[in-house]
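Enquirer: Have a peek at protein16.cif (mmCIF, C-alpha atoms, pLDDT in the B column; chains and numbers go by the auth columns).
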```
data_my_file
#
loop_
_atom_site.group_PDB
_atom_site.id
_atom_site.type_symbol
_atom_site.label_atom_id
_atom_site.label_comp_id
_atom_site.label_asym_id
_atom_site.label_seq_id
_atom_site.Cartn_x
_atom_site.Cartn_y
_atom_site.Cartn_z
_atom_site.B_iso_or_equiv
_atom_site.auth_seq_id
_atom_site.auth_asym_id
ATOM 1 C CA MET A 1 5.143 -38.098 17.777 60.00 10 A
ATOM 2 C CA GLY A 2 3.250 -36.697 14.785 67.00 11 A
ATOM 3 C CA LYS A 3 4.551 -35.263 11.574 65.00 12 A
ATOM 4 C CA LYS A 4 5.447 -31.561 11.607 69.00 13 A
ATOM 5 C CA ARG A 5 2.922 -29.289 9.979 72.00 14 A
ATOM 6 C CA GLY A 6 3.680 -27.172 6.962 64.00 15 A
ATOM 7 C CA ARG A 7 6.080 -27.384 4.098 63.00 16 A
ATOM 8 C CA PRO A 8 9.594 -28.615 4.899 64.00 17 A
ATOM 9 C CA ARG A 9 12.352 -26.036 4.586 63.00 18 A
ATOM 10 C CA SER A 10 14.462 -26.607 1.503 69.00 19 A
ATOM 11 C CA SER A 11 16.955 -23.895 2.331 69.00 20 A
ATOM 12 C CA GLU A 12 18.577 -22.211 5.299 79.00 21 A
ATOM 13 C CA ARG A 13 17.860 -18.771 3.767 79.00 22 A
ATOM 14 C CA ARG A 14 15.588 -16.332 5.526 85.00 23 A
ATOM 15 C CA ASP A 15 13.214 -15.209 2.773 86.00 24 A
ATOM 16 C CA ALA A 16 11.070 -12.055 2.750 90.00 25 A
ATOM 17 C CA VAL A 17 8.214 -10.901 0.564 92.00 26 A
ATOM 18 C CA VAL A 18 8.809 -7.985 -1.823 93.00 27 A
ATOM 19 C CA LYS A 19 6.817 -6.435 -4.644 95.00 28 A
ATOM 20 C CA LEU A 20 8.294 -6.398 -8.131 96.00 29 A
ATOM 21 C CA ASP A 21 6.972 -5.467 -11.543 97.00 30 A
ATOM 22 C CA VAL A 22 4.881 -8.375 -12.817 97.00 31 A
ATOM 23 C CA THR A 23 6.660 -8.376 -16.184 98.00 32 A
ATOM 24 C CA ILE A 24 10.023 -8.888 -14.495 97.00 33 A
ATOM 25 C CA VAL A 25 8.621 -11.639 -12.286 97.00 34 A
ATOM 26 C CA GLY A 26 7.135 -13.432 -15.295 98.00 35 A
ATOM 27 C CA LYS A 27 10.467 -13.424 -17.103 98.00 36 A
ATOM 28 C CA ALA A 28 12.264 -14.507 -13.926 97.00 37 A
ATOM 29 C CA GLN A 29 9.830 -17.417 -13.528 97.00 38 A
ATOM 30 C CA MET A 30 10.592 -18.640 -17.044 98.00 39 A
ATOM 31 C CA ILE A 31 14.354 -18.382 -16.512 98.00 40 A
ATOM 32 C CA ALA A 32 14.252 -20.027 -13.081 97.00 41 A
ATOM 33 C CA LYS A 33 12.167 -22.904 -14.401 97.00 42 A
ATOM 34 C CA ALA A 34 14.533 -23.434 -17.331 98.00 43 A
ATOM 35 C CA ARG A 35 17.490 -23.490 -14.920 97.00 44 A
ATOM 36 C CA GLY A 36 15.776 -25.764 -12.403 97.00 45 A
ATOM 37 C CA THR A 37 15.822 -23.318 -9.514 96.00 46 A
ATOM 38 C CA SER A 38 13.307 -21.224 -7.615 94.00 47 A
ATOM 39 C CA VAL A 39 12.433 -17.659 -8.557 95.00 48 A
ATOM 40 C CA ALA A 40 13.553 -16.516 -5.088 94.00 49 A
ATOM 41 C CA GLU A 41 16.951 -18.169 -5.489 94.00 50 A
ATOM 42 C CA TYR A 42 17.406 -16.828 -9.020 96.00 51 A
ATOM 43 C CA LEU A 43 16.519 -13.237 -8.107 96.00 52 A
ATOM 44 C CA SER A 44 18.552 -13.360 -4.888 95.00 53 A
ATOM 45 C CA GLU A 45 21.659 -14.373 -6.810 95.00 54 A
ATOM 46 C CA MET A 46 21.008 -11.741 -9.498 95.00 55 A
ATOM 47 C CA ILE A 47 20.857 -8.820 -7.070 96.00 56 A
ATOM 48 C CA ARG A 48 23.277 -9.995 -4.348 96.00 57 A
ATOM 49 C CA GLY A 49 26.317 -8.233 -5.862 96.00 58 A
ATOM 50 C CA LEU A 50 24.455 -4.996 -6.551 97.00 59 A
ATOM 51 C CA VAL A 51 23.068 -4.810 -3.030 97.00 60 A
ATOM 52 C CA ASN A 52 26.419 -5.661 -1.437 98.00 61 A
ATOM 53 C CA ARG A 53 28.139 -2.931 -3.490 98.00 62 A
ATOM 54 C CA ASP A 54 25.568 -0.271 -2.563 98.00 63 A
ATOM 55 C CA PHE A 55 25.589 -1.390 1.083 98.00 64 A
ATOM 56 C CA LEU A 56 29.359 -0.896 1.248 98.00 65 A
ATOM 57 C CA VAL A 57 29.049 2.593 -0.293 97.00 66 A
ATOM 58 C CA GLU A 58 26.408 3.581 2.266 97.00 67 A
ATOM 59 C CA MET A 59 28.414 2.194 5.209 96.00 68 A
ATOM 60 C CA LYS A 60 31.452 4.197 4.075 96.00 69 A
ATOM 61 C CA ARG A 61 29.295 7.324 3.703 94.00 70 A
ATOM 62 C CA ILE A 62 27.827 6.911 7.189 95.00 71 A
ATOM 63 C CA GLU A 63 31.277 6.280 8.648 93.00 72 A
ATOM 64 C CA ALA A 64 32.670 9.382 6.930 93.00 73 A
ATOM 65 C CA GLU A 65 29.759 11.526 8.149 91.00 74 A
ATOM 66 C CA SER A 66 30.246 10.372 11.722 90.00 75 A
ATOM 67 C CA SER A 67 33.954 11.254 11.555 88.00 76 A
ATOM 68 C CA GLY A 68 33.308 14.623 9.891 80.00 77 A
ATOM 69 C CA GLN A 69 34.943 13.715 6.574 69.00 78 A
ATOM 70 C CA PRO A 70 33.283 13.839 3.138 64.00 79 A
ATOM 71 C CA GLY A 71 31.956 10.454 2.022 58.00 80 A
ATOM 72 C CA PRO A 72 32.772 8.572 -1.160 65.00 81 A
ATOM 73 C CA ASP A 73 31.067 9.543 -4.380 68.00 82 A
ATOM 74 C CA PRO A 74 28.271 6.969 -5.000 62.00 83 A
ATOM 75 C CA GLU A 75 29.003 6.910 -8.752 63.00 84 A
#
```
As a first step, turn the structure in this file into structure tokens.
Expert:
Amino acid sequence: MGKKRGRPRSSERRDAVVKLDVTIVGKAQMIAKARGTSVAEYLSEMIRGLVNRDFLVEMKRIEAESSGQPGPDPE
């Protein structure tokens, strides 16, 4: 049986492509390299908490709307 084609997976994450400001990406590349990690891993860890917080706020708002109650204040 032959060798599998392509680059071997180094992570179990499911990555996606996004567009970011090139200045931010350049700085993130320097930081990730200095820390010995990938840019994707570095940025994922940086924004994970922010996204989880906002996701929870939106889920509570949607739940409140569906029950007819006012939702939480996003601030």
Enquirer: Excluding Leu52 in chain A and any residue of its chain fewer than 3 positions from it, enumerate the residues within 10 Å of it, using only C-alpha atoms, and give them as a ChimeraX atom specification.
Expert: /A:34,37-38,41,47-49,55-57
Enquirer: What does the distance between CA of Arg23 in chain A and CA of Lys69 in chain A come to in Å, to one decimal place?
Expert: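 About the pair CA of Arg23 in chain A and CA of Lys69 in chain A: they are 26.0 Å apart.
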Enquirer: Quick one: distance from CA of Met68 in chain A to CA of Ile33 in chain A in Å, one decimal?
Expert: 29.1 Å
Enquirer: Report the distance between CA of Glu50 in chain A and CA of Arg62 in chain A in Å, rounded to one decimal place.
Expert: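 Those two atoms sit 19.0 Å apart.
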Enquirer: Once 6 Å is added on each side, what centre and edge lengths in Å to one decimal does the axis-aligned box around all listed atoms of range 65-75 of chain A have, as JSON?
Expert:
```
{"center_x": 29.5, "center_y": 5.3, "center_z": 5.7, "size_x": 18.3, "size_y": 24.4, "size_z": 24.0}
```
Enquirer: Which residue gives the smallest distance to Arg22 in chain A among A:Asn61, A:Thr46, A:Ile40, A:Ser53, with all atoms listed in the file counted?
Expert: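 Once distances to Arg22 in chain A are computed over all atoms listed in the file, the minimum belongs to A:Ser53.
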Enquirer: Got a sec to write range 50-66 of chain A of the block to a file, all heavy atoms, as a PDB file, in the first residue's frame?
Expert:
```
ATOM      1  N   GLU A  50      -2.917  28.362  15.489  1.00  0.00           N
ATOM      2  CA  GLU A  50      -3.075  27.982  16.893  1.00  0.00           C
ATOM      3  C   GLU A  50      -3.022  29.221  17.795  1.00  0.00           C
ATOM      4  O   GLU A  50      -3.830  29.378  18.708  1.00  0.00           O
ATOM      5  CB  GLU A  50      -1.975  27.000  17.288  1.00  0.00           C
ATOM      6  CG  GLU A  50      -2.169  26.396  18.654  1.00  0.00           C
ATOM      7  CD  GLU A  50      -3.280  25.370  18.700  1.00  0.00           C
ATOM      8  OE1 GLU A  50      -3.535  24.701  17.692  1.00  0.00           O
ATOM      9  OE2 GLU A  50      -3.924  25.271  19.759  1.00  0.00           O
ATOM     10  N   TYR A  51      -2.091  30.107  17.535  1.00  0.00           N
ATOM     11  CA  TYR A  51      -1.952  31.321  18.331  1.00  0.00           C
ATOM     12  C   TYR A  51      -3.220  32.167  18.269  1.00  0.00           C
ATOM     13  O   TYR A  51      -3.765  32.562  19.306  1.00  0.00           O
ATOM     14  CB  TYR A  51      -0.742  32.130  17.847  1.00  0.00           C
ATOM     15  CG  TYR A  51      -0.657  33.503  18.461  1.00  0.00           C
ATOM     16  CD1 TYR A  51      -0.366  33.663  19.807  1.00  0.00           C
ATOM     17  CD2 TYR A  51      -0.893  34.641  17.693  1.00  0.00           C
ATOM     18  CE1 TYR A  51      -0.304  34.924  20.383  1.00  0.00           C
ATOM     19  CE2 TYR A  51      -0.832  35.901  18.263  1.00  0.00           C
ATOM     20  CZ  TYR A  51      -0.541  36.040  19.602  1.00  0.00           C
ATOM     21  OH  TYR A  51      -0.487  37.287  20.159  1.00  0.00           O
ATOM     22  N   LEU A  52      -3.702  32.441  17.054  1.00  0.00           N
ATOM     23  CA  LEU A  52      -4.895  33.279  16.911  1.00  0.00           C
ATOM     24  C   LEU A  52      -6.140  32.593  17.464  1.00  0.00           C
ATOM     25  O   LEU A  52      -7.000  33.243  18.064  1.00  0.00           O
ATOM     26  CB  LEU A  52      -5.086  33.683  15.451  1.00  0.00           C
ATOM     27  CG  LEU A  52      -4.041  34.653  14.902  1.00  0.00           C
ATOM     28  CD1 LEU A  52      -4.246  34.875  13.402  1.00  0.00           C
ATOM     29  CD2 LEU A  52      -4.056  35.971  15.642  1.00  0.00           C
ATOM     30  N   SER A  53      -6.243  31.287  17.282  1.00  0.00           N
ATOM     31  CA  SER A  53      -7.388  30.548  17.824  1.00  0.00           C
ATOM     32  C   SER A  53      -7.456  30.702  19.335  1.00  0.00           C
ATOM     33  O   SER A  53      -8.530  30.954  19.896  1.00  0.00           O
ATOM     34  CB  SER A  53      -7.306  29.070  17.451  1.00  0.00           C
ATOM     35  OG  SER A  53      -7.487  28.891  16.073  1.00  0.00           O
ATOM     36  N   GLU A  54      -6.311  30.532  19.999  1.00  0.00           N
ATOM     37  CA  GLU A  54      -6.291  30.666  21.451  1.00  0.00           C
ATOM     38  C   GLU A  54      -6.573  32.099  21.887  1.00  0.00           C
ATOM     39  O   GLU A  54      -7.212  32.324  22.909  1.00  0.00           O
ATOM     40  CB  GLU A  54      -4.957  30.179  22.014  1.00  0.00           C
ATOM     41  CG  GLU A  54      -4.785  28.670  21.926  1.00  0.00           C
ATOM     42  CD  GLU A  54      -5.920  27.896  22.568  1.00  0.00           C
ATOM     43  OE1 GLU A  54      -6.317  28.224  23.705  1.00  0.00           O
ATOM     44  OE2 GLU A  54      -6.425  26.960  21.920  1.00  0.00           O
ATOM     45  N   MET A  55      -6.112  33.082  21.117  1.00  0.00           N
ATOM     46  CA  MET A  55      -6.335  34.484  21.471  1.00  0.00           C
ATOM     47  C   MET A  55      -7.814  34.855  21.445  1.00  0.00           C
ATOM     48  O   MET A  55      -8.283  35.605  22.292  1.00  0.00           O
ATOM     49  CB  MET A  55      -5.584  35.414  20.500  1.00  0.00           C
ATOM     50  CG  MET A  55      -4.082  35.389  20.658  1.00  0.00           C
ATOM     51  SD  MET A  55      -3.542  35.997  22.265  1.00  0.00           S
ATOM     52  CE  MET A  55      -4.120  37.662  22.223  1.00  0.00           C
ATOM     53  N   ILE A  56      -8.551  34.343  20.473  1.00  0.00           N
ATOM     54  CA  ILE A  56      -9.947  34.779  20.321  1.00  0.00           C
ATOM     55  C   ILE A  56     -10.976  33.802  20.895  1.00  0.00           C
ATOM     56  O   ILE A  56     -12.156  34.137  20.973  1.00  0.00           O
ATOM     57  CB  ILE A  56     -10.298  35.076  18.845  1.00  0.00           C
ATOM     58  CG1 ILE A  56     -10.267  33.821  17.989  1.00  0.00           C
ATOM     59  CG2 ILE A  56      -9.382  36.140  18.288  1.00  0.00           C
ATOM     60  CD1 ILE A  56     -10.831  34.026  16.602  1.00  0.00           C
ATOM     61  N   ARG A  57     -10.531  32.629  21.335  1.00  0.00           N
ATOM     62  CA  ARG A  57     -11.467  31.614  21.843  1.00  0.00           C
ATOM     63  C   ARG A  57     -12.380  32.169  22.942  1.00  0.00           C
ATOM     64  O   ARG A  57     -13.600  32.028  22.898  1.00  0.00           O
ATOM     65  CB  ARG A  57     -10.709  30.399  22.354  1.00  0.00           C
ATOM     66  CG  ARG A  57     -11.607  29.253  22.793  1.00  0.00           C
ATOM     67  CD  ARG A  57     -10.819  28.046  23.277  1.00  0.00           C
ATOM     68  NE  ARG A  57      -9.699  27.698  22.428  1.00  0.00           N
ATOM     69  CZ  ARG A  57      -9.770  27.013  21.284  1.00  0.00           C
ATOM     70  NH1 ARG A  57     -10.946  26.632  20.846  1.00  0.00           N
ATOM     71  NH2 ARG A  57      -8.687  26.736  20.601  1.00  0.00           N
ATOM     72  N   GLY A  58     -11.831  32.827  23.942  1.00  0.00           N
ATOM     73  CA  GLY A  58     -12.627  33.346  25.052  1.00  0.00           C
ATOM     74  C   GLY A  58     -13.609  34.425  24.618  1.00  0.00           C
ATOM     75  O   GLY A  58     -14.755  34.446  25.065  1.00  0.00           O
ATOM     76  N   LEU A  59     -13.162  35.307  23.737  1.00  0.00           N
ATOM     77  CA  LEU A  59     -14.039  36.374  23.246  1.00  0.00           C
ATOM     78  C   LEU A  59     -15.225  35.803  22.473  1.00  0.00           C
ATOM     79  O   LEU A  59     -16.375  36.222  22.666  1.00  0.00           O
ATOM     80  CB  LEU A  59     -13.253  37.327  22.339  1.00  0.00           C
ATOM     81  CG  LEU A  59     -12.098  38.081  22.999  1.00  0.00           C
ATOM     82  CD1 LEU A  59     -11.284  38.819  21.948  1.00  0.00           C
ATOM     83  CD2 LEU A  59     -12.621  39.030  24.045  1.00  0.00           C
ATOM     84  N   VAL A  60     -14.944  34.851  21.605  1.00  0.00           N
ATOM     85  CA  VAL A  60     -16.011  34.250  20.806  1.00  0.00           C
ATOM     86  C   VAL A  60     -16.970  33.468  21.697  1.00  0.00           C
ATOM     87  O   VAL A  60     -18.197  33.575  21.547  1.00  0.00           O
ATOM     88  CB  VAL A  60     -15.422  33.355  19.688  1.00  0.00           C
ATOM     89  CG1 VAL A  60     -16.508  32.544  18.999  1.00  0.00           C
ATOM     90  CG2 VAL A  60     -14.671  34.202  18.675  1.00  0.00           C
ATOM     91  N   ASN A  61     -16.440  32.701  22.637  1.00  0.00           N
ATOM     92  CA  ASN A  61     -17.312  31.942  23.538  1.00  0.00           C
ATOM     93  C   ASN A  61     -18.218  32.865  24.350  1.00  0.00           C
ATOM     94  O   ASN A  61     -19.399  32.573  24.541  1.00  0.00           O
ATOM     95  CB  ASN A  61     -16.484  31.057  24.469  1.00  0.00           C
ATOM     96  CG  ASN A  61     -15.913  29.850  23.768  1.00  0.00           C
ATOM     97  OD1 ASN A  61     -16.368  29.450  22.696  1.00  0.00           O
ATOM     98  ND2 ASN A  61     -14.893  29.264  24.352  1.00  0.00           N
ATOM     99  N   ARG A  62     -17.676  33.994  24.826  1.00  0.00           N
ATOM    100  CA  ARG A  62     -18.475  34.952  25.590  1.00  0.00           C
ATOM    101  C   ARG A  62     -19.604  35.524  24.740  1.00  0.00           C
ATOM    102  O   ARG A  62     -20.767  35.547  25.151  1.00  0.00           O
ATOM    103  CB  ARG A  62     -17.589  36.084  26.103  1.00  0.00           C
ATOM    104  CG  ARG A  62     -18.350  37.098  26.950  1.00  0.00           C
ATOM    105  CD  ARG A  62     -17.601  38.391  27.104  1.00  0.00           C
ATOM    106  NE  ARG A  62     -17.529  39.040  25.796  1.00  0.00           N
ATOM    107  CZ  ARG A  62     -16.608  39.922  25.439  1.00  0.00           C
ATOM    108  NH1 ARG A  62     -15.656  40.252  26.261  1.00  0.00           N
ATOM    109  NH2 ARG A  62     -16.618  40.469  24.240  1.00  0.00           N
ATOM    110  N   ASP A  63     -19.273  35.985  23.532  1.00  0.00           N
ATOM    111  CA  ASP A  63     -20.290  36.566  22.650  1.00  0.00           C
ATOM    112  C   ASP A  63     -21.315  35.527  22.200  1.00  0.00           C
ATOM    113  O   ASP A  63     -22.495  35.829  22.052  1.00  0.00           O
ATOM    114  CB  ASP A  63     -19.632  37.212  21.430  1.00  0.00           C
ATOM    115  CG  ASP A  63     -18.901  38.500  21.779  1.00  0.00           C
ATOM    116  OD1 ASP A  63     -19.071  39.016  22.900  1.00  0.00           O
ATOM    117  OD2 ASP A  63     -18.151  38.992  20.914  1.00  0.00           O
ATOM    118  N   PHE A  64     -20.865  34.291  21.995  1.00  0.00           N
ATOM    119  CA  PHE A  64     -21.777  33.212  21.608  1.00  0.00           C
ATOM    120  C   PHE A  64     -22.810  32.987  22.705  1.00  0.00           C
ATOM    121  O   PHE A  64     -24.009  32.854  22.427  1.00  0.00           O
ATOM    122  CB  PHE A  64     -20.983  31.936  21.334  1.00  0.00           C
ATOM    123  CG  PHE A  64     -21.825  30.780  20.890  1.00  0.00           C
ATOM    124  CD1 PHE A  64     -22.257  30.697  19.572  1.00  0.00           C
ATOM    125  CD2 PHE A  64     -22.167  29.774  21.764  1.00  0.00           C
ATOM    126  CE1 PHE A  64     -23.033  29.629  19.155  1.00  0.00           C
ATOM    127  CE2 PHE A  64     -22.937  28.706  21.356  1.00  0.00           C
ATOM    128  CZ  PHE A  64     -23.380  28.632  20.043  1.00  0.00           C
ATOM    129  N   LEU A  65     -22.354  32.951  23.955  1.00  0.00           N
ATOM    130  CA  LEU A  65     -23.272  32.758  25.078  1.00  0.00           C
ATOM    131  C   LEU A  65     -24.286  33.892  25.164  1.00  0.00           C
ATOM    132  O   LEU A  65     -25.479  33.656  25.378  1.00  0.00           O
ATOM    133  CB  LEU A  65     -22.477  32.657  26.383  1.00  0.00           C
ATOM    134  CG  LEU A  65     -23.284  32.418  27.644  1.00  0.00           C
ATOM    135  CD1 LEU A  65     -24.067  31.116  27.552  1.00  0.00           C
ATOM    136  CD2 LEU A  65     -22.365  32.409  28.850  1.00  0.00           C
ATOM    137  N   VAL A  66     -23.843  35.134  24.970  1.00  0.00           N
ATOM    138  CA  VAL A  66     -24.754  36.285  24.988  1.00  0.00           C
ATOM    139  C   VAL A  66     -25.820  36.131  23.905  1.00  0.00           C
ATOM    140  O   VAL A  66     -27.010  36.341  24.150  1.00  0.00           O
ATOM    141  CB  VAL A  66     -23.976  37.612  24.804  1.00  0.00           C
ATOM    142  CG1 VAL A  66     -24.917  38.773  24.525  1.00  0.00           C
ATOM    143  CG2 VAL A  66     -23.128  37.901  26.029  1.00  0.00           C
TER     144      VAL A  66
END
```
